[in-house]
file target_31.txt (compact mmCIF, C-alpha atoms)
# COMPACT_ATOMS: atom_id res chain seq x y z
CA MET A 764 2.43 -21.23 -34.84
CA ALA A 765 5.56 -19.21 -35.34
CA ASP A 766 4.36 -18.27 -38.82
CA ILE A 767 1.08 -16.93 -37.56
CA SER A 768 2.67 -14.88 -34.83
CA PHE A 769 5.23 -13.63 -37.33
CA LEU A 770 2.40 -12.48 -39.52
CA LEU A 771 0.74 -10.72 -36.59
CA LEU A 772 4.03 -9.16 -35.62
CA THR A 773 4.67 -7.73 -39.07
CA PHE A 774 1.11 -6.47 -39.17
CA PHE A 775 1.57 -4.57 -35.93
CA LEU A 776 4.98 -3.37 -37.00
CA LEU A 777 3.57 -1.89 -40.16
CA THR A 778 0.36 -0.44 -38.84
CA SER A 779 1.50 0.94 -35.53
CA SER A 780 2.67 4.45 -35.18
CA ILE A 781 3.86 5.28 -31.74
CA ASN A 782 1.95 8.49 -31.68
CA THR A 783 3.00 10.85 -29.02
CA ASP A 784 1.43 14.25 -29.17
CA LYS A 785 3.71 16.79 -30.73
CA GLY A 786 3.21 20.46 -31.25
CA ILE A 787 4.11 24.06 -30.70
CA SER A 788 3.62 25.16 -27.11
CA ARG A 789 2.53 28.66 -26.33
CA LYS A 790 1.40 30.54 -23.29
CA LEU A 791 -1.70 32.68 -23.47
CA SER A 792 -1.87 35.98 -21.69
CA PRO A 793 -4.20 36.10 -18.69
CA TYR A 794 -7.69 37.36 -19.31
CA VAL A 795 -8.40 40.90 -18.18
CA GLU A 796 -12.01 41.98 -17.87
CA ALA A 797 -11.77 45.40 -19.46
CA GLU A 798 -8.85 45.68 -21.81
CA SER A 799 -8.52 49.37 -21.24
CA LYS A 800 -5.00 49.61 -20.01
CA SER A 801 -2.85 48.85 -22.97
CA ALA A 802 0.73 49.03 -21.90
CA GLU A 803 2.56 51.63 -23.90
CA VAL A 804 5.39 50.05 -25.82
CA LYS A 805 7.79 52.09 -27.86
CA LYS A 806 7.42 51.75 -31.57
CA ARG A 807 10.95 50.49 -32.04
CA ASN A 808 10.25 47.58 -29.69
CA ILE A 809 7.32 46.20 -31.61
CA MET A 810 7.37 44.05 -34.69
CA ILE A 811 3.94 43.80 -36.18
CA VAL A 812 3.30 40.53 -37.95
CA LEU A 813 -0.03 40.66 -39.69
CA VAL A 814 -1.78 37.89 -41.57
CA ASN A 815 -4.91 38.66 -43.47
CA ALA A 816 -7.84 36.50 -44.48
CA ASN A 817 -6.09 35.62 -47.74
CA ASN A 818 -3.14 34.21 -45.80
CA GLN A 819 -0.88 37.05 -46.90
CA LEU A 820 1.79 38.24 -44.55
CA MET A 821 2.84 41.75 -43.70
CA VAL A 822 5.72 42.63 -41.40
CA ASN A 823 5.87 46.21 -40.11
CA GLY A 824 3.92 47.43 -43.09
CA ASN A 825 5.87 45.54 -45.75
CA VAL A 826 4.57 42.52 -47.60
CA GLU A 827 6.69 39.49 -46.81
CA ILE A 828 6.77 35.81 -47.61
CA ILE A 829 6.56 33.35 -44.76
CA SER A 830 9.96 31.75 -45.32
CA ASN A 831 11.65 35.13 -44.76
CA LEU A 832 9.97 35.67 -41.43
CA LYS A 833 12.52 33.73 -39.40
CA SER A 834 15.50 35.84 -40.47
CA LYS A 835 13.45 39.02 -40.04
CA VAL A 836 12.62 38.07 -36.48
CA ILE A 837 16.21 37.15 -35.71
CA ASP A 838 17.47 40.48 -37.05
CA PHE A 839 14.80 42.28 -35.08
CA LEU A 840 15.52 40.60 -31.75
CA ALA A 841 19.28 40.33 -31.99
CA ASN A 842 19.86 43.91 -33.16
CA PRO A 843 23.60 43.33 -33.38
CA ALA A 844 24.50 46.89 -34.44
CA ASN A 845 22.33 48.49 -31.73
CA SER A 846 20.43 50.35 -34.39
CA PRO A 847 18.01 52.97 -33.04
CA GLU A 848 15.30 51.54 -35.29
CA LEU A 849 15.43 48.12 -33.68
CA PRO A 850 14.49 47.16 -30.11
CA GLU A 851 16.23 48.39 -27.04
CA LYS A 852 18.14 46.08 -24.77
CA ALA A 853 18.07 45.97 -21.03
CA ILE A 854 21.09 44.74 -19.15
CA LYS A 855 20.08 42.07 -16.71
CA ASN A 856 22.07 40.01 -14.29
CA ILE A 857 21.13 36.38 -14.77
CA ASP A 858 22.57 33.49 -12.78
CA LEU A 859 25.19 31.49 -14.68
CA LEU A 860 25.31 34.05 -17.47
CA GLY A 861 26.29 37.24 -15.70
CA ASN A 862 25.25 40.50 -17.24
CA VAL A 863 23.31 39.89 -20.43
CA GLN A 864 21.61 42.21 -22.83
CA VAL A 865 17.98 41.18 -22.94
CA SER A 866 16.05 42.45 -25.91
CA LYS A 867 12.86 44.33 -25.15
CA GLY A 868 11.44 43.36 -28.51
CA VAL A 869 7.85 42.17 -28.66
CA ILE A 870 6.29 40.44 -31.61
CA SER A 871 2.72 41.42 -32.12
CA LEU A 872 0.94 38.71 -34.06
CA GLN A 873 -2.30 39.83 -35.61
CA SER A 874 -4.42 37.35 -37.45
CA ASP A 875 -7.76 37.59 -39.10
CA ARG A 876 -10.75 35.42 -38.38
CA GLY A 877 -10.46 34.20 -41.94
CA THR A 878 -6.79 33.22 -41.74
CA SER A 879 -6.34 29.51 -42.24
CA TYR A 880 -4.98 27.55 -39.32
CA GLU A 881 -2.30 26.03 -41.52
CA THR A 882 -0.83 29.45 -42.28
CA TYR A 883 -1.12 30.49 -38.66
CA VAL A 884 0.82 27.42 -37.52
CA LYS A 885 3.44 28.03 -40.20
CA ILE A 886 3.95 31.54 -38.85
CA GLN A 887 4.07 30.35 -35.24
CA ASP A 888 6.59 27.77 -36.40
CA GLU A 889 8.80 30.40 -38.05
CA LEU A 890 8.64 32.48 -34.88
CA SER A 891 9.69 29.54 -32.72
CA LEU A 892 12.45 28.68 -35.16
CA ALA A 893 13.79 32.20 -34.75
CA TYR A 894 13.69 32.01 -30.96
CA THR A 895 15.27 28.56 -31.00
CA GLU A 896 18.10 29.79 -33.17
CA LEU A 897 18.76 32.77 -30.92
CA ARG A 898 18.74 30.52 -27.87
CA ASN A 899 21.08 28.09 -29.59
CA ARG A 900 23.46 30.92 -30.44
CA LEU A 901 23.61 32.17 -26.88
CA SER A 902 23.82 28.67 -25.50
CA ARG A 903 26.72 27.78 -27.81
CA GLU A 904 28.51 30.96 -26.87
CA LYS A 905 28.09 30.50 -23.14
CA PHE A 906 28.01 26.76 -22.61
CA GLY A 907 29.39 25.37 -25.86
CA ARG A 908 26.38 23.29 -26.86
CA LYS A 909 22.90 23.63 -28.28
CA PHE A 910 20.01 24.71 -26.08
CA ASP A 911 18.24 21.37 -26.33
CA ASP A 912 21.42 19.51 -25.34
CA LEU A 913 22.09 21.51 -22.19
CA LYS A 914 20.87 18.78 -19.82
CA SER A 915 20.72 21.20 -16.93
CA GLU A 916 17.51 22.84 -15.76
CA ALA A 917 19.33 25.81 -14.32
CA LYS A 918 21.22 26.53 -17.52
CA MET A 919 18.08 26.17 -19.62
CA GLU A 920 16.24 28.54 -17.34
CA ALA A 921 19.04 31.07 -17.59
CA ILE A 922 18.91 31.00 -21.39
CA GLN A 923 15.13 31.23 -21.33
CA LYS A 924 15.40 34.30 -19.15
CA ALA A 925 17.98 35.87 -21.45
CA ILE A 926 15.81 35.27 -24.52
CA PRO A 927 12.21 35.30 -23.41
CA ILE A 928 9.48 34.49 -25.90
CA ASN A 929 7.47 37.67 -26.19
CA ILE A 930 4.68 37.09 -28.63
CA SER A 931 1.57 39.10 -28.02
CA GLU A 932 -1.59 38.28 -29.85
CA THR A 933 -4.33 40.75 -30.37
CA GLU A 934 -7.92 39.76 -30.87
CA PRO A 935 -8.25 38.89 -34.52
CA LYS A 936 -9.89 41.31 -36.85
CA ASN A 937 -12.83 40.34 -38.92
CA THR A 938 -12.33 41.88 -42.29
CA GLY A 939 -13.07 38.77 -44.26
CA GLY A 940 -16.64 38.47 -43.02
CA ASN A 941 -17.97 35.85 -40.66
CA LYS A 942 -16.57 32.43 -41.32
CA MET B 431 43.78 -35.54 -62.36
CA ALA B 432 42.99 -34.84 -58.79
CA ARG B 433 39.49 -35.70 -57.80
CA PHE B 434 37.50 -33.44 -55.68
CA LYS B 435 36.60 -34.83 -52.36
CA LYS B 436 33.01 -35.79 -52.40
CA ASN B 437 32.34 -36.12 -48.79
CA ILE B 438 32.47 -32.42 -47.73
CA ARG B 439 29.59 -31.81 -45.32
CA LYS B 440 27.40 -29.19 -46.90
CA ASP B 441 24.59 -28.94 -44.40
CA VAL B 442 24.85 -26.15 -41.85
CA PRO B 443 23.74 -27.17 -38.37
CA THR B 444 20.14 -26.04 -37.99
CA ILE B 445 19.17 -23.40 -35.49
CA ASN B 446 16.96 -24.62 -32.73
CA THR B 447 13.61 -23.04 -33.50
CA GLY B 448 11.92 -24.28 -30.38
CA SER B 449 12.06 -20.91 -28.60
CA MET B 450 11.35 -18.88 -31.73
CA SER B 451 7.64 -18.62 -31.06
CA ASP B 452 8.30 -17.40 -27.54
CA ILE B 453 10.52 -14.61 -28.82
CA ILE B 454 8.07 -13.63 -31.51
CA PHE B 455 5.24 -13.65 -29.02
CA MET B 456 7.24 -11.41 -26.76
CA PHE B 457 7.73 -8.97 -29.64
CA LEU B 458 4.08 -9.19 -30.48
CA PHE B 459 3.00 -8.35 -26.95
CA PHE B 460 5.55 -5.55 -26.79
CA PHE B 461 4.10 -3.92 -29.88
CA MET B 462 0.55 -4.52 -28.78
CA VAL B 463 1.26 -2.78 -25.51
CA ILE B 464 3.10 0.26 -26.84
CA THR B 465 0.70 1.06 -29.65
CA ASN B 466 -2.05 3.13 -28.23
CA ILE B 467 -5.42 2.78 -29.73
CA ARG B 468 -7.18 6.09 -30.00
CA GLU B 469 -9.29 6.39 -26.90
CA THR B 470 -11.84 8.85 -28.20
CA THR B 471 -13.76 8.26 -31.36
CA LEU B 472 -13.45 11.27 -33.56
CA PHE B 473 -16.53 13.00 -34.84
CA VAL B 474 -14.55 15.59 -36.71
CA LYS B 475 -12.02 15.24 -39.50
CA TYR B 476 -8.62 16.04 -38.18
CA THR B 477 -5.41 16.34 -40.17
CA PRO B 478 -2.88 18.44 -38.30
CA PRO B 479 -0.72 20.97 -40.15
CA LYS B 480 3.01 20.49 -40.41
CA ALA B 481 5.69 22.33 -38.48
CA THR B 482 9.40 21.93 -37.93
CA ASP B 483 10.22 23.36 -34.54
CA ILE B 484 8.04 21.23 -32.31
CA GLN B 485 8.23 19.72 -28.89
CA LYS B 486 7.09 16.33 -27.72
CA LEU B 487 4.58 16.31 -24.94
CA GLU B 488 5.86 14.08 -22.23
CA LYS B 489 3.17 14.14 -19.63
CA LYS B 490 0.05 12.74 -21.15
CA SER B 491 -1.83 12.76 -17.88
CA MET B 492 -1.46 16.53 -17.64
CA SER B 493 -3.04 17.37 -20.93
CA CYS B 494 -6.49 17.43 -22.39
CA SER B 495 -7.43 17.71 -26.03
CA ILE B 496 -9.85 19.87 -27.93
CA TYR B 497 -10.56 18.73 -31.46
CA ILE B 498 -11.75 21.16 -34.10
CA GLY B 499 -12.60 20.24 -37.64
CA GLN B 500 -15.29 19.52 -40.15
CA PRO B 501 -17.82 16.99 -38.82
CA VAL B 502 -17.51 13.52 -40.26
CA LYS B 503 -21.26 13.23 -40.70
CA THR B 504 -21.73 16.29 -42.85
CA ALA B 505 -25.30 15.29 -43.62
CA VAL B 506 -26.26 15.65 -39.97
CA TYR B 507 -23.95 18.34 -38.65
CA GLY B 508 -23.16 20.40 -41.72
CA THR B 509 -19.77 21.39 -43.07
CA GLU B 510 -18.92 24.20 -40.67
CA PRO B 511 -16.02 23.32 -38.33
CA ARG B 512 -17.20 21.99 -34.99
CA ILE B 513 -15.58 21.48 -31.63
CA GLN B 514 -15.27 18.09 -30.04
CA LEU B 515 -14.76 17.80 -26.31
CA ASN B 516 -14.28 14.26 -25.02
CA ASP B 517 -16.91 12.23 -26.77
CA GLN B 518 -19.32 14.78 -28.06
CA LEU B 519 -19.62 17.79 -30.29
CA ALA B 520 -19.84 20.99 -28.34
CA GLU B 521 -20.15 24.74 -28.62
CA VAL B 522 -17.61 27.42 -27.79
CA ALA B 523 -19.52 28.18 -24.59
CA ASP B 524 -18.92 24.65 -23.29
CA VAL B 525 -15.15 25.00 -23.32
CA GLN B 526 -14.85 26.69 -19.94
CA GLU B 527 -16.87 24.00 -18.21
CA PHE B 528 -14.83 21.32 -19.92
CA ILE B 529 -11.60 22.86 -18.65
CA LEU B 530 -12.97 23.14 -15.13
CA LYS B 531 -14.00 19.48 -15.18
CA GLU B 532 -10.63 18.39 -16.54
CA ARG B 533 -8.90 20.43 -13.90
CA ALA B 534 -11.03 19.00 -11.11
CA ALA B 535 -10.09 15.49 -12.20
CA ARG B 536 -6.38 16.17 -11.61
CA PRO B 537 -4.54 16.20 -8.30
CA GLU B 538 -4.53 19.59 -6.69
CA ASN B 539 -0.82 20.30 -6.93
CA VAL B 540 -0.66 19.94 -10.71
CA ARG B 541 -3.89 21.68 -11.67
CA GLN B 542 -2.19 24.83 -12.84
CA LEU B 543 0.08 22.82 -15.12
CA LEU B 544 -2.78 21.46 -17.19
CA ASN B 545 -1.90 21.71 -20.83
CA THR B 546 -4.61 22.06 -23.44
CA ILE B 547 -3.76 20.53 -26.78
CA LEU B 548 -5.59 22.15 -29.64
CA LYS B 549 -5.98 19.47 -32.27
CA VAL B 550 -7.17 21.53 -35.14
CA ASP B 551 -7.63 20.48 -38.72
CA LYS B 552 -5.44 22.46 -41.06
CA ASN B 553 -8.35 23.74 -43.11
CA VAL B 554 -10.09 25.42 -40.20
CA LYS B 555 -10.16 29.21 -40.12
CA MET B 556 -8.74 31.13 -37.19
CA GLY B 557 -12.07 32.58 -36.09
CA ILE B 558 -13.27 29.59 -34.10
CA ILE B 559 -9.78 29.05 -32.71
CA SER B 560 -9.53 32.57 -31.37
CA ASP B 561 -12.95 32.17 -29.78
CA ILE B 562 -11.68 29.08 -28.02
CA LYS B 563 -8.48 30.80 -26.98
CA LEU B 564 -10.53 33.57 -25.41
CA GLU B 565 -12.56 30.98 -23.48
CA LEU B 566 -9.37 29.29 -22.36
CA ARG B 567 -8.01 32.59 -21.13
CA LYS B 568 -11.23 33.17 -19.22
CA ALA B 569 -10.89 29.73 -17.65
CA ASN B 570 -7.27 30.57 -16.84
CA ALA B 571 -5.98 27.60 -18.82
CA LEU B 572 -3.04 29.41 -20.31
CA ARG B 573 -0.77 26.60 -21.37
CA ILE B 574 -1.72 25.50 -24.83
CA THR B 575 -0.15 23.46 -27.57
CA TYR B 576 -0.97 23.53 -31.23
CA ALA B 577 -0.78 19.88 -32.31
CA THR B 578 1.23 19.42 -35.49
CA PHE B 579 2.92 16.78 -37.56
CA ARG B 580 6.65 16.85 -37.84
CA GLU B 581 8.00 18.15 -41.11
CA ALA B 582 11.51 17.29 -42.22
CA LYS B 583 13.82 19.80 -40.63
CA LYS B 584 15.41 22.36 -42.87
CA ALA B 585 19.18 22.30 -43.09
CA GLU B 586 20.68 24.12 -40.15
CA ASN B 587 23.30 26.70 -40.69
call {"tool": "encode", "arguments": {"input": "target_31.txt", "output": "structure tokens"}}
result
Amino acid sequence: MADISFLLLTFFLLTSSINTDKGISRKLSPYVEAESKSAEVKKRNIMIVLVNANNQLMVNGNVEIISNLKSKVIDFLANPANSPELPEKAIKNIDLLGNVQVSKGVISLQSDRGTSYETYVKIQDELSLAYTELRNRLSREKFGRKFDDLKSEAKMEAIQKAIPINISETEPKNTGGNK
Amino acid sequence: MARFKKNIRKDVPTINTGSMSDIIFMFLFFFMVITNIRETTLFVKYTPPKATDIQKLEKKSMSCSIYIGQPVKTAVYGTEPRIQLNDQLAEVADVQEFILKERAARPENVRQLLNTILKVDKNVKMGIISDIKLELRKANALRITYATFREAKKAEN
């Protein structure tokens, strides 16, 4: 009896994967009937990330490889030297943090209809890694621990406000033909 | 010459195995309960891509899934990626209705929190996904998640 149930147990142990759904969460922008009013954003505040149908990446007109994207995004958003080429910062008063410089930088992600989903997810992943690192930096500086370890809704919200995820996606182009 | 004592007791007292089966059965039931058997049969091939910076989705009741991938029965449905909603293959135009139905099935106070999980095969092209995203935006289902596998995290600096 015990042998049989042992066998069953090991079978379940080996075959089972406690599969919770995991993934990258994003928020879509609300649908507007006629997309006529395109908010004017200054050129210095936009970082154009473009992926073409051959899964090649271009950042602000320069060809890039995906693994460099994270550091590019961090440099772009952090703008430590207040360079006039990189995004402006607005000073905002946020609870628990006081006056913080919030970057006005927006990442414009443009994909093609022929881009593979795998590449797209890799790019989204790099973007979230960049945001996570920036949030961790601020969180360490202000509260002395990583963003995920904050354990306080209010603190997390404050950090989220200080480093908002601004990724705008344009309708994909269709240069690679219908597929 | 000293002789070794012969009468050292070598046998260790045996463990009472009477309750062993109970314990094992408890384990067995535990594992049987926590493993979830896939509730929808998949009509499309689905291997998620890998990513490192991912979140777990806690509230399963607040999410609905859209599968996209190559149909399993390529002889019947062809090799073009198809959408699966619940238990059937569907078209892009059906997505809005699906979202409305899913939303209606939830309690009123959490309807806006409905999360749509896009379970997309890694070989699918972005075209069909952006069509679906447009439909989701039209249906005002703005919270989405791209389902991924976890990849070993890169060394943090």
call {"tool": "atom_distance", "arguments": {"input": "target_31.txt", "atom1": "atom CA of Ile547 of chain B", "atom2": "atom CA of Lys785 of chain A"}}
result
9.2 Å
call {"tool": "interface_residues", "arguments": {"input": "target_31.txt", "of": "chain A", "to": "chain B", "cutoff": "6 Å", "atoms": "only C-alpha atoms", "output": "PDB file with C-alpha atoms, in the frame of the given file"}}
result
ATOM      1  CA  ALA A 765       5.560 -19.210 -35.340  1.00  0.00           C
ATOM      2  CA  LEU A 772       4.030  -9.160 -35.620  1.00  0.00           C
ATOM      3  CA  SER A 779       1.500   0.940 -35.530  1.00  0.00           C
ATOM      4  CA  ILE A 781       3.860   5.280 -31.740  1.00  0.00           C
ATOM      5  CA  ASP A 784       1.430  14.250 -29.170  1.00  0.00           C
ATOM      6  CA  LYS A 785       3.710  16.790 -30.730  1.00  0.00           C
ATOM      7  CA  GLY A 786       3.210  20.460 -31.250  1.00  0.00           C
ATOM      8  CA  ILE A 787       4.110  24.060 -30.700  1.00  0.00           C
ATOM      9  CA  SER A 788       3.620  25.160 -27.110  1.00  0.00           C
ATOM     10  CA  ARG A 789       2.530  28.660 -26.330  1.00  0.00           C
ATOM     11  CA  LYS A 790       1.400  30.540 -23.290  1.00  0.00           C
ATOM     12  CA  LEU A 791      -1.700  32.680 -23.470  1.00  0.00           C
ATOM     13  CA  PRO A 793      -4.200  36.100 -18.690  1.00  0.00           C
ATOM     14  CA  TYR A 794      -7.690  37.360 -19.310  1.00  0.00           C
ATOM     15  CA  ARG A 876     -10.750  35.420 -38.380  1.00  0.00           C
ATOM     16  CA  GLY A 877     -10.460  34.200 -41.940  1.00  0.00           C
ATOM     17  CA  THR A 878      -6.790  33.220 -41.740  1.00  0.00           C
ATOM     18  CA  SER A 879      -6.340  29.510 -42.240  1.00  0.00           C
ATOM     19  CA  TYR A 880      -4.980  27.550 -39.320  1.00  0.00           C
ATOM     20  CA  GLU A 881      -2.300  26.030 -41.520  1.00  0.00           C
ATOM     21  CA  ASP A 888       6.590  27.770 -36.400  1.00  0.00           C
ATOM     22  CA  LEU A 892      12.450  28.680 -35.160  1.00  0.00           C
TER      23      LEU A 892
END
call {"tool": "residues_around", "arguments": {"input": "target_31.txt", "residues": "Met810 of chain A", "least_positions_apart": "6", "cutoff": "7 Å", "atoms": "all atoms listed in the file", "output": "list of chain:residue names"}}
result
A:Asn823, A:Val869, A:Ile870, A:Ser871
call {"tool": "closest_residue", "arguments": {"input": "target_31.txt", "among": "A:Glu796, A:Asp858, A:Glu827, A:Glu848", "to": "Gln923 of chain A", "atoms": "only C-alpha atoms"}}
result
A:Asp858
call {"tool": "axis_aligned_box", "arguments": {"input": "target_31.txt", "around": "segment 570-576 of chain B", "padding_each_side": "8 Å", "output": "AutoDock Vina command-line options"}}
result
--center_x -3.7 --center_y 27.0 --center_z -24.0 --size_x 23.1 --size_y 23.1 --size_z 30.4
call {"tool": "atom_distance", "arguments": {"input": "target_31.txt", "atom1": "atom CA of Leu901 of chain A", "atom2": "atom CA of Ile922 of chain A"}}
result
7.3 Å
call {"tool": "residues_around", "arguments": {"input": "target_31.txt", "residues": "Gly508 of chain B", "least_positions_apart": "5", "cutoff": "12 Å", "atoms": "only C-alpha atoms", "output": "list in words"}}
result
Val474, Gly499, Gln500, Pro501, Val502 and Lys503 of chain B
call {"tool": "atom_distance", "arguments": {"input": "target_31.txt", "atom1": "atom CA of Ala893 of chain A", "atom2": "atom CA of Ile837 of chain A"}}
result
5.6 Å
call {"tool": "residues_around", "arguments": {"input": "target_31.txt", "residues": "Lys905 of chain A", "least_positions_apart": "5", "cutoff": "10 Å", "atoms": "only C-alpha atoms", "output": "list in words"}}
result
Leu859, Leu860, Asn899, Arg900, Lys918 and Ile922 of chain A
call {"tool": "residues_near_point", "arguments": {"input": "target_31.txt", "point": "(-15.4, 17.5, -34.4)", "cutoff": "6 Å", "atoms": "only C-alpha atoms", "output": "PDB file with C-alpha atoms, keeping the file's coordinate frame"}}
result
ATOM      1  CA  PHE B 473     -16.530  13.000 -34.840  1.00  0.00           C
ATOM      2  CA  VAL B 474     -14.550  15.590 -36.710  1.00  0.00           C
ATOM      3  CA  TYR B 497     -10.560  18.730 -31.460  1.00  0.00           C
ATOM      4  CA  ILE B 498     -11.750  21.160 -34.100  1.00  0.00           C
ATOM      5  CA  GLY B 499     -12.600  20.240 -37.640  1.00  0.00           C
ATOM      6  CA  PRO B 501     -17.820  16.990 -38.820  1.00  0.00           C
ATOM      7  CA  ARG B 512     -17.200  21.990 -34.990  1.00  0.00           C
ATOM      8  CA  ILE B 513     -15.580  21.480 -31.630  1.00  0.00           C
ATOM      9  CA  GLN B 514     -15.270  18.090 -30.040  1.00  0.00           C
ATOM     10  CA  LEU B 519     -19.620  17.790 -30.290  1.00  0.00           C
TER      11      LEU B 519
END
call {"tool": "residues_around", "arguments": {"input": "target_31.txt", "residues": "Pro847 of chain A", "least_positions_apart": "5", "cutoff": "12 Å", "atoms": "all atoms listed in the file", "output": "PDB file with C-alpha atoms, in the frame of the given file"}}
result
ATOM      1  CA  LYS A 805       7.790  52.090 -27.860  1.00  0.00           C
ATOM      2  CA  LYS A 806       7.420  51.750 -31.570  1.00  0.00           C
ATOM      3  CA  ARG A 807      10.950  50.490 -32.040  1.00  0.00           C
ATOM      4  CA  ASN A 808      10.250  47.580 -29.690  1.00  0.00           C
ATOM      5  CA  PHE A 839      14.800  42.280 -35.080  1.00  0.00           C
ATOM      6  CA  ASN A 842      19.860  43.910 -33.160  1.00  0.00           C
ATOM      7  CA  LYS A 852      18.140  46.080 -24.770  1.00  0.00           C
TER       8      LYS A 852
END
call {"tool": "residues_around", "arguments": {"input": "target_31.txt", "residues": "Glu896 of chain A", "least_positions_apart": "5", "cutoff": "12 Å", "atoms": "all atoms listed in the file", "output": "MDAnalysis selection string"}}
result
(chainID A and resid 833:834 836:838 840:841 889:891 901:903 909:911 922 926) or (chainID B and resid 483 586:587)
